[in-house]
>>> print(open('run11.tsv').read())   # TSV, C-alpha atoms
chain	number	residue	atom	x	y	z
V	233	MET	CA	18.72	17.48	-23.34
V	234	ASN	CA	16.81	18.29	-20.15
V	235	PRO	CA	16.19	15.67	-17.42
V	236	THR	CA	12.63	15.01	-18.60
V	237	ASP	CA	13.84	14.27	-22.12
V	238	LYS	CA	16.50	11.91	-20.76
V	239	LEU	CA	13.89	10.12	-18.66
V	240	ARG	CA	11.61	9.86	-21.70
V	241	SER	CA	14.46	8.38	-23.73
V	242	ILE	CA	15.13	5.75	-21.06
V	243	ALA	CA	11.43	4.95	-20.79
V	244	HIS	CA	11.08	4.52	-24.55
V	245	SER	CA	14.08	2.20	-24.59
V	246	ILE	CA	12.37	0.01	-21.96
V	247	LEU	CA	9.06	0.18	-23.82
V	248	LEU	CA	10.64	-1.17	-26.99
V	249	THR	CA	12.68	-3.98	-25.45
V	250	TRP	CA	11.63	-7.58	-26.01
V	251	GLY	CA	12.95	-11.06	-25.37
V	252	TRP	CA	15.89	-11.60	-23.05
V	253	LYS	CA	16.56	-7.87	-22.65
V	254	ARG	CA	13.07	-7.40	-21.24
V	255	ILE	CA	13.63	-10.31	-18.86
V	256	ALA	CA	16.94	-8.84	-17.72
V	257	ILE	CA	15.37	-5.43	-17.05
V	258	ALA	CA	12.56	-6.98	-15.00
V	259	LEU	CA	14.98	-9.17	-13.02
V	260	MET	CA	17.28	-6.24	-12.30
V	261	ALA	CA	14.39	-4.01	-11.25
V	262	GLY	CA	13.22	-6.72	-8.85
V	263	ALA	CA	16.66	-7.33	-7.36
V	264	VAL	CA	17.29	-3.62	-6.77
V	265	SER	CA	13.81	-3.22	-5.26
V	266	ALA	CA	14.73	-5.75	-2.58
V	267	LEU	CA	17.11	-3.13	-1.15
V	268	ALA	CA	14.04	-1.20	0.04
V	269	MET	CA	13.42	-3.86	2.69
V	270	ALA	CA	15.20	-4.47	5.98
V	271	PRO	CA	18.04	-4.47	6.83
V	272	PHE	CA	18.92	-1.90	4.13
V	273	ASN	CA	15.66	0.10	4.13
V	274	ALA	CA	16.87	1.93	1.01
V	275	TRP	CA	13.30	2.76	-0.01
V	276	PRO	CA	14.26	5.65	-2.35
V	277	VAL	CA	15.43	3.04	-4.89
V	278	LEU	CA	11.76	2.29	-5.55
V	279	PHE	CA	11.42	5.72	-7.17
V	280	VAL	CA	13.75	4.28	-9.82
V	281	THR	CA	12.52	0.68	-10.07
V	282	PHE	CA	8.72	1.03	-9.82
V	283	PRO	CA	8.45	3.40	-12.81
V	284	VAL	CA	10.17	0.62	-14.76
V	285	LEU	CA	7.18	-1.61	-13.94
V	286	VAL	CA	4.83	0.93	-15.50
V	287	TRP	CA	6.93	1.13	-18.65
V	288	LEU	CA	7.19	-2.67	-18.89
V	289	ILE	CA	3.40	-2.92	-18.81
V	290	ASP	CA	3.14	-0.03	-21.30
V	291	GLY	CA	5.40	-1.97	-23.65
V	292	ALA	CA	3.41	-5.17	-23.22
V	293	ALA	CA	0.65	-3.67	-25.39
V	294	ALA	CA	2.46	-4.99	-28.46
V	295	GLY	CA	1.84	-8.57	-27.34
V	296	ARG	CA	-1.12	-10.84	-28.03
V	297	TRP	CA	-4.38	-10.84	-26.09
V	298	ARG	CA	-4.15	-7.16	-25.18
V	299	GLY	CA	-0.65	-7.71	-23.85
V	300	VAL	CA	-1.81	-9.61	-20.77
V	301	PRO	CA	0.56	-12.62	-21.18
V	302	ALA	CA	3.53	-10.33	-21.88
V	303	ALA	CA	2.71	-8.23	-18.81
V	304	ALA	CA	2.37	-11.37	-16.69
V	305	MET	CA	5.79	-12.61	-17.81
V	306	SER	CA	7.36	-9.28	-16.90
V	307	GLY	CA	5.68	-9.53	-13.51
V	308	PHE	CA	7.02	-13.04	-12.98
V	309	TRP	CA	10.61	-12.07	-13.74
V	310	PHE	CA	10.34	-8.96	-11.60
V	311	GLY	CA	8.96	-11.06	-8.75
V	312	LEU	CA	11.72	-13.64	-9.11
V	313	GLY	CA	14.37	-10.93	-9.00
V	314	TYR	CA	12.67	-9.40	-5.97
V	315	PHE	CA	12.11	-12.53	-3.88
V	316	VAL	CA	15.39	-14.39	-4.42
V	317	PRO	CA	17.50	-11.75	-2.58
V	318	GLY	CA	14.84	-11.58	0.14
V	319	LEU	CA	14.60	-15.33	0.67
V	320	TYR	CA	18.12	-16.61	0.05
V	321	TRP	CA	18.38	-17.43	3.75
V	322	THR	CA	15.93	-20.32	3.36
V	323	GLY	CA	18.83	-22.29	1.91
V	324	TYR	CA	20.85	-22.12	5.11
V	325	ALA	CA	18.82	-24.90	6.70
V	326	PHE	CA	20.10	-27.40	4.16
V	327	PHE	CA	23.70	-26.89	5.30
V	328	VAL	CA	23.08	-28.21	8.80
V	329	ASP	CA	23.72	-31.65	7.33
V	330	ALA	CA	25.31	-30.50	4.10
V	331	GLN	CA	26.40	-33.92	2.87
V	332	THR	CA	22.80	-35.09	2.88
V	333	PHE	CA	20.74	-32.03	2.06
V	334	ALA	CA	22.96	-29.39	0.38
V	335	TRP	CA	21.82	-30.51	-3.07
V	336	LEU	CA	18.31	-29.32	-2.21
V	337	THR	CA	19.45	-25.70	-1.72
V	338	PRO	CA	18.74	-24.47	-5.28
V	339	PHE	CA	15.22	-25.88	-5.11
V	340	ALA	CA	14.51	-23.91	-1.93
V	341	VAL	CA	16.26	-20.69	-2.93
V	342	LEU	CA	14.66	-20.61	-6.37
V	343	GLY	CA	11.51	-22.68	-5.87
V	344	LEU	CA	9.78	-20.57	-3.21
V	345	PRO	CA	10.55	-17.25	-4.95
V	346	SER	CA	9.27	-18.72	-8.22
V	347	TYR	CA	5.98	-19.59	-6.55
V	348	LEU	CA	5.67	-16.13	-4.98
V	349	ALA	CA	6.52	-14.53	-8.31
V	350	LEU	CA	3.29	-16.00	-9.68
V	351	TYR	CA	1.44	-13.45	-7.55
V	352	THR	CA	3.33	-10.53	-9.03
V	353	ALA	CA	2.65	-12.03	-12.46
V	354	LEU	CA	-1.05	-12.03	-11.56
V	355	GLY	CA	-0.80	-8.41	-10.41
V	356	PHE	CA	0.78	-7.34	-13.70
V	357	ALA	CA	-1.83	-9.25	-15.69
V	358	LEU	CA	-4.69	-7.63	-13.77
V	359	ALA	CA	-3.08	-4.23	-14.24
V	360	ARG	CA	-2.85	-4.78	-18.00
V	361	LEU	CA	-6.56	-5.64	-18.12
V	362	ILE	CA	-7.51	-2.25	-16.65
V	363	TRP	CA	-4.58	-0.31	-18.12
V	364	THR	CA	-5.06	3.26	-19.29
V	365	HIS	CA	-3.04	5.69	-21.36
V	366	ASP	CA	-2.66	8.51	-18.87
V	367	ALA	CA	-1.40	9.02	-15.33
V	368	SER	CA	-4.25	6.96	-13.87
V	369	ARG	CA	-2.46	3.81	-15.02
V	370	VAL	CA	-0.30	4.18	-11.92
V	371	LEU	CA	-3.47	3.65	-9.88
V	372	ALA	CA	-4.28	0.62	-12.02
V	373	LEU	CA	-0.91	-0.85	-11.06
V	374	ALA	CA	-1.38	0.05	-7.40
V	375	VAL	CA	-4.83	-1.57	-7.24
V	376	SER	CA	-3.71	-4.72	-9.05
V	377	LEU	CA	-0.53	-5.28	-7.06
V	378	THR	CA	-2.39	-4.62	-3.81
V	379	VAL	CA	-4.92	-7.32	-4.73
V	380	ALA	CA	-2.12	-9.70	-5.71
V	381	GLU	CA	-0.20	-8.99	-2.50
V	382	TRP	CA	-3.35	-9.53	-0.42
V	383	LEU	CA	-3.83	-12.92	-2.08
V	384	ARG	CA	-0.18	-13.77	-1.43
V	385	GLY	CA	-0.71	-12.91	2.22
V	386	HIS	CA	-3.80	-15.10	2.58
V	387	TRP	CA	-3.92	-17.87	-0.02
V	388	LEU	CA	-2.68	-21.28	1.17
V	389	THR	CA	-2.16	-19.92	4.72
V	390	GLY	CA	-0.40	-16.85	3.29
V	391	PHE	CA	3.22	-15.70	3.13
V	392	PRO	CA	3.32	-11.87	3.05
V	393	TRP	CA	7.11	-11.74	3.26
V	394	ASN	CA	8.52	-8.42	2.04
V	395	ALA	CA	5.14	-7.03	1.03
V	396	PHE	CA	5.65	-3.75	-0.81
V	397	GLY	CA	3.95	-1.84	2.00
V	398	TYR	CA	6.88	-2.61	4.30
V	399	ALA	CA	8.91	-0.07	2.30
V	400	LEU	CA	6.95	2.63	4.16
V	401	SER	CA	7.85	1.25	7.59
V	402	GLU	CA	11.07	3.26	7.86
V	403	PRO	CA	11.35	5.75	9.55
V	404	LEU	CA	9.30	4.48	12.46
V	405	ALA	CA	7.03	7.54	12.50
V	406	LEU	CA	5.91	6.71	8.97
V	407	ALA	CA	5.15	3.14	10.03
V	408	GLN	CA	2.40	4.43	12.33
V	409	THR	CA	0.28	4.91	9.22
V	410	ALA	CA	-0.30	1.16	9.34
V	411	SER	CA	-2.49	1.64	12.41
V	412	LEU	CA	-4.92	3.58	10.20
V	413	ILE	CA	-4.85	1.81	6.85
V	414	GLY	CA	-3.13	-1.51	7.54
V	415	LEU	CA	-0.44	-3.27	5.55
V	416	TRP	CA	-2.51	-3.46	2.38
V	417	GLY	CA	-3.33	0.22	2.48
V	418	MET	CA	0.40	0.85	2.89
V	419	THR	CA	1.04	-1.41	-0.09
V	420	PHE	CA	-1.36	0.59	-2.24
V	421	LEU	CA	0.28	3.85	-1.16
V	422	ALA	CA	3.79	2.50	-1.73
V	423	VAL	CA	3.09	1.38	-5.30
V	424	ALA	CA	1.17	4.54	-6.18
V	425	ILE	CA	3.82	6.87	-4.73
V	426	PHE	CA	6.94	5.12	-5.96
V	427	ALA	CA	5.58	4.43	-9.46
V	428	SER	CA	4.39	8.01	-9.96
V	429	PRO	CA	7.61	9.29	-11.65
V	430	ALA	CA	6.65	7.13	-14.64
V	431	VAL	CA	4.06	9.69	-15.70
V	432	LEU	CA	6.75	12.33	-16.27
V	433	ILE	CA	7.17	10.94	-19.78
V	434	ASP	CA	3.49	11.51	-20.61
V	435	GLY	CA	2.56	14.27	-23.00
V	436	LYS	CA	-0.64	16.26	-23.19
V	437	ALA	CA	-1.95	14.06	-25.97
V	438	SER	CA	-1.76	10.90	-23.89
V	439	ALA	CA	-3.35	12.63	-20.93
V	440	ALA	CA	-6.36	13.46	-23.10
V	441	GLY	CA	-6.56	10.02	-24.63
V	442	LEU	CA	-8.67	8.38	-21.91
V	443	GLY	CA	-12.37	8.96	-21.53
V	444	SER	CA	-13.45	10.59	-18.30
V	445	CYS	CA	-15.85	7.73	-17.51
V	446	ARG	CA	-13.13	5.08	-17.43
V	447	ARG	CA	-10.85	7.35	-15.44
V	448	GLN	CA	-13.59	8.09	-12.90
V	449	ARG	CA	-14.38	4.42	-12.40
V	450	LEU	CA	-10.71	3.57	-11.94
V	451	ARG	CA	-10.43	6.20	-9.20
V	452	CYS	CA	-13.53	4.78	-7.54
V	453	TRP	CA	-12.20	1.21	-7.51
V	454	SER	CA	-8.86	2.55	-6.27
V	455	ARG	CA	-10.55	4.09	-3.22
V	456	TRP	CA	-12.42	0.86	-2.59
V	457	ALA	CA	-9.24	-1.28	-2.90
V	458	PHE	CA	-7.37	1.14	-0.62
V	459	LEU	CA	-9.97	1.23	2.17
V	460	ALA	CA	-11.53	-2.23	2.11
V	461	PRO	CA	-8.43	-4.20	3.28
V	462	SER	CA	-7.48	-1.53	5.83
V	463	GLY	CA	-9.96	-2.05	8.61
V	464	PHE	CA	-12.90	-0.28	6.96
V	465	ARG	CA	-16.24	-1.91	6.25
V	466	CYS	CA	-16.94	-1.00	2.63
V	467	SER	CA	-19.77	-1.76	0.29
V	468	ARG	CA	-18.87	-2.37	-3.33
V	469	PRO	CA	-18.91	0.79	-5.48
V	470	LYS	CA	-22.35	1.74	-6.75
V	471	TRP	CA	-23.09	3.96	-9.71
V	472	SER	CA	-25.83	6.54	-9.96
V	473	GLN	CA	-27.15	7.48	-13.37
V	474	ALA	CA	-27.30	11.22	-12.77
V	475	SER	CA	-24.83	11.76	-15.60
V	476	SER	CA	-23.69	9.89	-18.67
V	477	CYS	CA	-20.86	8.36	-16.69
V	478	GLY	CA	-22.62	7.88	-13.38
V	479	SER	CA	-21.09	8.83	-10.06
V	480	CYS	CA	-19.17	6.62	-7.69
V	481	SER	CA	-20.38	6.03	-4.17
V	482	PRO	CA	-18.48	3.37	-2.23
V	483	ILE	CA	-19.77	3.61	1.36
V	484	CYS	CA	-17.09	2.96	4.00
V	485	SER	CA	-17.11	3.12	7.78
V	486	ARG	CA	-14.36	2.45	10.32
V	487	THR	CA	-14.78	-0.92	12.07
>>> encode(input="run11.tsv", output="structure tokens")
Amino acid sequence: MNPTDKLRSIAHSILLTWGWKRIAIALMAGAVSALAMAPFNAWPVLFVTFPVLVWLIDGAAAGRWRGVPAAAMSGFWFGLGYFVPGLYWTGYAFFVDAQTFAWLTPFAVLGLPSYLALYTALGFALARLIWTHDASRVLALAVSLTVAEWLRGHWLTGFPWNAFGYALSEPLALAQTASLIGLWGMTFLAVAIFASPAVLIDGKASAAGLGSCRRQRLRCWSRWAFLAPSGFRCSRPKWSQASSCGSCSPICSRT
């Protein structure tokens, strides 16, 4: 069995999981992904964990309502696994006067990550709504998680702790990309790059299964989502009717 066949076997196993096994996979993927952040900066682990996100959303298609609730639940458990290791230190404050406040520690260590995990759940749900059957589904995930991360960074004063884009901040030379595209552009790139190995399991049939119109529009919205939060002034994508699909023309200029 060649490496691609082994990867396909693993992916299919994840696709077919349900119930507590699916929860465990999402939690584990989230916890391992936290190693990509400081102080470990082990960003290569995302090449292993982010493809799992794609396969979890692929497998959510068997659920009700186009698989959106199932995808959202996978996103929540992934987010919980990701944020608990990154925010465990919030519990230290309750040990200053441990006899009085130590009992509150679980509420802080699990409560805040649970709230933040709602944003990853939203990102997974949005991704499922625009999901495709070919490699462009990686862009669907990148767009959706970038939107969710932007909301997490701004809604209710914002708390962009351990945004996925920070994975591209090591080495320092790579971090300079943020001066051009900002944190949210980095987040889009991080998700798109690290999730890309998921498409290695795709066959020619699945690559031909998506209409060119839908694929073209997804690429257009991906460019808009990548540039708009990154210091560019962008109009919403417009569509000409020169062809049956129309052509995309988001107009962006550097501010």
>>> closest_residue(input="run11.tsv", among="V:Gly262, V:Gly355, V:Pro271, V:Pro392", to="Phe310 (chain V)", atoms="all atoms listed in the file")
V:Gly262
>>> residues_around(input="run11.tsv", residues="Ala261 (chain V)", least_positions_apart="3", cutoff="8 Å", atoms="only C-alpha atoms", output="PyMOL selection string")
chain V and resi 257-258+264-265+281-282+284+310+313-314
>>> residues_near_point(input="run11.tsv", point="(0.5, -12.3, -13.6)", cutoff="9 Å", atoms="all atoms listed in the file", output="tab-separated table (two decimals) with C-alpha atoms, keeping the file's coordinate frame")
chain	number	residue	atom	x	y	z
V	300	VAL	CA	-1.81	-9.61	-20.77
V	301	PRO	CA	0.56	-12.62	-21.18
V	303	ALA	CA	2.71	-8.23	-18.81
V	304	ALA	CA	2.37	-11.37	-16.69
V	305	MET	CA	5.79	-12.61	-17.81
V	306	SER	CA	7.36	-9.28	-16.90
V	307	GLY	CA	5.68	-9.53	-13.51
V	308	PHE	CA	7.02	-13.04	-12.98
V	349	ALA	CA	6.52	-14.53	-8.31
V	350	LEU	CA	3.29	-16.00	-9.68
V	351	TYR	CA	1.44	-13.45	-7.55
V	352	THR	CA	3.33	-10.53	-9.03
V	353	ALA	CA	2.65	-12.03	-12.46
V	354	LEU	CA	-1.05	-12.03	-11.56
V	355	GLY	CA	-0.80	-8.41	-10.41
V	356	PHE	CA	0.78	-7.34	-13.70
V	357	ALA	CA	-1.83	-9.25	-15.69
V	358	LEU	CA	-4.69	-7.63	-13.77
V	359	ALA	CA	-3.08	-4.23	-14.24
V	380	ALA	CA	-2.12	-9.70	-5.71
>>> residues_around(input="run11.tsv", residues="Ala270 (chain V)", least_positions_apart="5", cutoff="12 Å", atoms="all atoms listed in the file", output="number ranges by chain")
V: 265, 275, 317-318, 393-396, 398-403
>>> closest_residue(input="run11.tsv", among="V:Gly390, V:Trp335, V:Gly397, V:Ile289", to="Met269 (chain V)", atoms="only C-alpha atoms")
V:Gly397
>>> residues_around(input="run11.tsv", residues="Ala430 (chain V)", least_positions_apart="3", cutoff="8 Å", atoms="all atoms listed in the file", output="PDB file with C-alpha atoms, in the coordinates of the input")
ATOM      1  CA  PRO V 283       8.450   3.400 -12.810  1.00  0.00           C
ATOM      2  CA  VAL V 284      10.170   0.620 -14.760  1.00  0.00           C
ATOM      3  CA  VAL V 286       4.830   0.930 -15.500  1.00  0.00           C
ATOM      4  CA  TRP V 287       6.930   1.130 -18.650  1.00  0.00           C
ATOM      5  CA  ALA V 427       5.580   4.430  -9.460  1.00  0.00           C
ATOM      6  CA  ILE V 433       7.170  10.940 -19.780  1.00  0.00           C
TER       7      ILE V 433
END
>>> closest_residue(input="run11.tsv", among="V:Met260, V:Leu361, V:Ala372, V:Ala294", to="Phe420 (chain V)", atoms="all atoms listed in the file")
V:Ala372
>>> atom_distance(input="run11.tsv", atom1="CA of Leu344 (chain V)", atom2="CA of Leu388 (chain V)")
13.2 Å
>>> residues_around(input="run11.tsv", residues="region 326-330 of chain V", least_positions_apart="6", cutoff="9 Å", atoms="all atoms listed in the file", output="JSON, numbers by chain")
{"V": [336, 337, 340]}
>>> residues_around(input="run11.tsv", residues="Leu415 (chain V)", least_positions_apart="2", cutoff="8 Å", atoms="only C-alpha atoms", output="PyMOL selection string")
chain V and resi 397-398+410+413+417-419+462
>>> atom_distance(input="run11.tsv", atom1="CA of Lys253 (chain V)", atom2="CA of Leu432 (chain V)")
23.3 Å
>>> closest_residue(input="run11.tsv", among="V:Leu412, V:Ile246, V:Ala407, V:Leu239", to="Ala292 (chain V)", atoms="only C-alpha atoms")
V:Ile246
>>> atom_distance(input="run11.tsv", atom1="CA of Thr249 (chain V)", atom2="CA of Arg296 (chain V)")
15.6 Å
>>> closest_residue(input="run11.tsv", among="V:Pro276, V:Ala325, V:Leu319, V:Asp237", to="Val341 (chain V)", atoms="only C-alpha atoms")
V:Leu319
>>> closest_residue(input="run11.tsv", among="V:Thr389, V:Ser376, V:Thr236, V:Gln408", to="Ile362 (chain V)", atoms="all atoms listed in the file")
V:Ser376
>>> axis_aligned_box(input="run11.tsv", around="region 352-365 of chain V", padding_each_side="6 Å", output="lines of an AutoDock Vina configuration file")
center_x = -2.1
center_y = -3.2
center_z = -15.2
size_x = 22.8
size_y = 29.7
size_z = 24.3
